[in-house]
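To start, the structure under review is shown below, and the notes come after it.
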Amino acid sequence: MKLLHLDLSAGISGDMFLGALVDLGCPLEYLNTELGKLGVLDLKIEISRSSRHGISATGVNVNFNSNVRVKCLVDAERIIDNSNLPDQVKSRSRSAFLKIAEAEAKVHDSTPQEVHFHELGSPDTLADIVGAFLAVEKLEIERFTSTAVVTGSGIVKIDHGVVPVPAPATAEILKGYAIDLSAVEGERTTPTGAAILTTLVPSDSCGKIASSSGELISIGYGAGSKEFSDRANILRAMVLNCEPATESRDVISVLETTIDDMNPQIFGGLFEKLYDAGCLETFVTSTMMKKGRPGWNLTTLCRTDKTQTLASLLLAETTTAGVRVSQVDRIKSHRETIIVETEYGKVSVKRLTHNGTVKFHPEYDACEALAKKRSAPVRVIMESAQAAALKTTR
């Protein structure tokens with residue numbers, strides 16, 4: 001099994017990622033042939049060799065002779081769905097564009113369907129995203145890990161004006177991922193790069209050394225378009241030949257407190273704040289406390305770096321006088337999110353893999369939203385999504 005490990009010490013953009021995979025051996029002719037299936041006139045990738053601080057890397061440039069623009073999520077989905085690209089490439093490409101649309105919508109107080117892509121609507125964004133997943137498919141990469149994401153600092157000018165780095169959309173996309181806020185000047189990670197990264201690399205595989213050892217079989221370098229004095233502006237991609245992934249392990253914090261003197265109505269708003277602050281899971285169980293009083297055990301799970309933040313939130317938002325904290329080992333299935341097409345519309349589905357067994361769990365929120373839109377029972381949407389997901393394994 002091939003594992004791709006990304007060194008993001010200089011950040012990531014769409015062209016840097018694609019350049020690294022071309023450097024790893026993805027044929028340029030294959031990419032241009034497949035991208036031609038998108039139906040965007042004369043869309044073509046060209047490559048060049050350049051040196052970044054003495055390291056030879058592959059640069060990517062997208063040429064097009066077309067007035068076609070991907071103005072919004074609907075445009076991106078239409079172009080992708082009307083092509084005859086591989087299903088996995090379509091699913092990942094839709095997922096990446098959805099991440100961008102959701103981030104832009106959050107920043108501009110809009111909806112993913114209504115938000116305008118502005119500078120991200122250029123055909124080169126389409127080529128970078130679809131090309132990235134075509135290259136991953138061609139190289140037969142099955143697992144992905146990365147270092148923490150260097151985002152850069154300072155300011156950058158976009159269509160909306162001058163904004164801080166990381167750009168607001170980039171920051172939204174990277175929520176839940178390990179980032180490096182070192183004082184590195186300039187925009188080092190772009191929204192397109194962040195969308196590709198978060199589509200491929202699970203959040204718990206970012207900022208950690210690859211959990212499987214293996215033989216290092218190839219290394220590719222993708223060149224960024226700019227030169228920086230502090231470090232080589234390259235993305236290094238390393239392919240390892242590993243044993244098939246059966247599970248992964250990490251350490252998480254468990255925060256617990258027992259409460260018997262609080263209005264239970266507070267739990268609803270508290271849960272929202274806990275999830276917004278980065279908790280993995282939180283739940284309440286009933287218990288009997290001293291003097292025969294009924295109470296609740298409130299349990300919150302989080303990454304270890306979120307422990308203090310969430311403990312402070314619990315102390316501020318509840319009547320508790322203290323929070324118990326412990327660290328535990330966690331064994332997990334390998335997980336990723338895919339987008340499937342049902343007769344009612346597109347639905348995101350969580351795919352879990354362990355010891356060769358694959359399980360699918362349709363995302364309830366996505367199913368509920370689609371059920372309301374189509375005036376159908378949520379149960380029917382979930383069953384349809386489950387059936388569509390199962391077809392991806394055949």
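For the structure tokens, the naming scheme is as follows: chains receive sequential letters (A, B, ...) according to their order of presentation, residues are indexed from 1 within each chain, and ligands are indexed from 1 in presentation order.
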- Message: Please extract the residues of region 47-271 of chain A with a backbone DSSP assignment of alpha helix (DSSP H) and present them as JSON, numbers by chain.
- Response: {"A": [73, 74, 75, 76, 77, 78, 79, 80, 81, 87, 88, 89, 90, 91, 92, 93, 94, 95, 96, 97, 98, 99, 100, 101, 102, 103, 104, 105, 106, 107, 108, 123, 124, 125, 126, 127, 128, 129, 130, 131, 132, 133, 134, 135, 136, 137, 138, 168, 169, 170, 171, 172, 173, 191, 192, 193, 194, 195, 196, 197, 198, 199, 200, 266, 267, 268, 269, 270, 271]}
Could those selected residues go to a file with C-alpha atoms, as a compact mmCIF listing (two decimals), in the first residue's frame?
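Output file selection.txt follows:
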```
# COMPACT_ATOMS: atom_id res chain seq x y z
CA LEU A 73 -20.49 25.68 -6.28
CA VAL A 74 -23.28 24.79 -8.73
CA ASP A 75 -21.02 25.60 -11.68
CA ALA A 76 -18.21 23.43 -10.30
CA GLU A 77 -20.52 20.50 -9.62
CA ARG A 78 -22.12 20.76 -13.07
CA ILE A 79 -18.78 20.69 -14.88
CA ILE A 80 -17.49 17.80 -12.77
CA ASP A 81 -20.70 15.77 -12.93
CA ASP A 87 -15.98 8.31 -9.67
CA GLN A 88 -13.37 8.76 -6.92
CA VAL A 89 -11.93 11.80 -8.72
CA LYS A 90 -15.41 13.29 -9.08
CA SER A 91 -16.24 12.68 -5.43
CA ARG A 92 -13.02 14.23 -4.12
CA SER A 93 -13.26 17.19 -6.50
CA ARG A 94 -16.83 17.94 -5.41
CA SER A 95 -15.76 17.64 -1.79
CA ALA A 96 -12.88 20.13 -2.26
CA PHE A 97 -15.13 22.69 -3.95
CA LEU A 98 -17.74 22.20 -1.22
CA LYS A 99 -15.09 22.96 1.41
CA ILE A 100 -14.22 26.19 -0.40
CA ALA A 101 -17.90 27.16 -0.76
CA GLU A 102 -18.66 26.43 2.90
CA ALA A 103 -15.63 28.46 4.03
CA GLU A 104 -16.51 31.42 1.81
CA ALA A 105 -20.13 31.25 2.97
CA LYS A 106 -19.07 31.33 6.62
CA VAL A 107 -16.80 34.32 6.03
CA HIS A 108 -19.38 36.29 4.04
CA PRO A 123 -10.31 27.58 -14.78
CA ASP A 124 -6.84 27.09 -13.27
CA THR A 125 -8.47 26.40 -9.88
CA LEU A 126 -10.57 23.73 -11.56
CA ALA A 127 -7.46 22.24 -13.18
CA ASP A 128 -5.48 22.29 -9.90
CA ILE A 129 -8.22 20.56 -7.91
CA VAL A 130 -9.30 17.95 -10.45
CA GLY A 131 -5.71 17.44 -11.58
CA ALA A 132 -4.60 16.81 -8.00
CA PHE A 133 -7.09 13.98 -7.53
CA LEU A 134 -6.38 12.56 -11.00
CA ALA A 135 -2.69 12.39 -10.07
CA VAL A 136 -3.46 10.68 -6.75
CA GLU A 137 -5.57 8.13 -8.62
CA LYS A 138 -2.90 7.52 -11.26
CA PRO A 168 -10.22 34.00 6.05
CA ALA A 169 -11.37 31.18 3.72
CA THR A 170 -8.08 29.31 4.21
CA ALA A 171 -8.41 29.55 7.99
CA GLU A 172 -11.98 28.22 7.86
CA ILE A 173 -10.99 25.25 5.72
CA PRO A 191 -7.63 28.13 -0.11
CA THR A 192 -7.16 25.73 -3.02
CA GLY A 193 -4.18 24.06 -1.35
CA ALA A 194 -6.06 23.83 1.94
CA ALA A 195 -9.09 22.26 0.23
CA ILE A 196 -6.96 19.62 -1.49
CA LEU A 197 -5.08 18.86 1.74
CA THR A 198 -8.18 18.51 3.93
CA THR A 199 -9.91 16.34 1.33
CA LEU A 200 -7.05 13.83 1.34
CA ILE A 266 -28.12 25.16 29.59
CA PHE A 267 -26.71 21.93 28.13
CA GLY A 268 -28.01 22.69 24.61
CA GLY A 269 -26.12 25.97 24.23
CA LEU A 270 -23.11 24.55 26.06
CA PHE A 271 -22.79 21.70 23.58
```
- Which is closest to Asn82 (chain A) among A:Asp204, A:Val40, A:Asp329, A:Ala10, if we use only C-alpha atoms?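 Between A:Asp204, A:Val40, A:Asp329, A:Ala10, the residue approaching Asn82 (chain A) most closely is A:Val40.
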- So which residues touch region 380-390 of chain A within 7 Å, counting only C-alpha atoms, skipping near sequence neighbours fewer than 3 positions away, as a list in words? Val340, Glu341, Thr342, Val347, Phe360, Pro362, Cys367, Ala371, Ala376, Pro377 and Thr393 of chain A
Can you spit out the residues from that selection as a tab-separated table (two decimals), in the first residue's frame, using C-alpha atoms?
```tsv
chain	number	residue	atom	x	y	z
A	340	VAL	CA	-22.20	10.18	-3.32
A	341	GLU	CA	-24.93	10.82	-5.86
A	342	THR	CA	-28.44	9.63	-4.96
A	347	VAL	CA	-24.89	13.44	0.15
A	360	PHE	CA	-20.39	3.74	5.52
A	362	PRO	CA	-24.28	8.95	5.81
A	367	CYS	CA	-29.38	13.93	4.82
A	371	ALA	CA	-34.83	15.59	3.03
A	376	ALA	CA	-38.77	13.20	1.68
A	377	PRO	CA	-38.27	11.25	4.93
A	393	THR	CA	-16.68	-0.66	-3.31
```
- Task: Name the closest residue to Gly11 (chain A) among the candidates A:Ala183, A:Val156, A:Ile217, A:Leu235; distances are taken between atoms, counting only C-alpha atoms.
- Result: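 Closest residue, counting only C-alpha atoms: A:Leu235.
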- Message: as a list of chain:residue names, please: the residues near region 17-29 of chain A (cut-off 7 Å, only C-alpha atoms, same-chain neighbours under 4 positions excluded).
- Response: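 Listed by chain and then number, they are A:Ile12, A:Ser13, A:Thr33, A:Thr58, A:Gly59, A:Val60, A:Asp128, A:Gly131, A:Ala132, A:Ala135, A:Lys138, A:Leu139, A:Ser218, A:Ile219, A:Gly220, A:Tyr221, A:Gly222, A:Ala223, A:Leu235, A:Arg236, A:Ala237.
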- Among region 152-394 of chain A, which residues carry a DSSP assignment of strand (DSSP E), reported as a PyMOL selection string? chain A and resi 152-153+155-158+161-164+179-180+186-187+214-223+234-242+248-259+281-288+294-303+324-332+334-342+345-354+357-362
- Item | Selection: 9 Å around Glu185 (chain A), only C-alpha atoms, excl. self and same-chain fewer than 4 positions, as a list in words | Gly152, Ser153, Gly154, Ile155, Val165, Phe228 and Asp230 of chain A
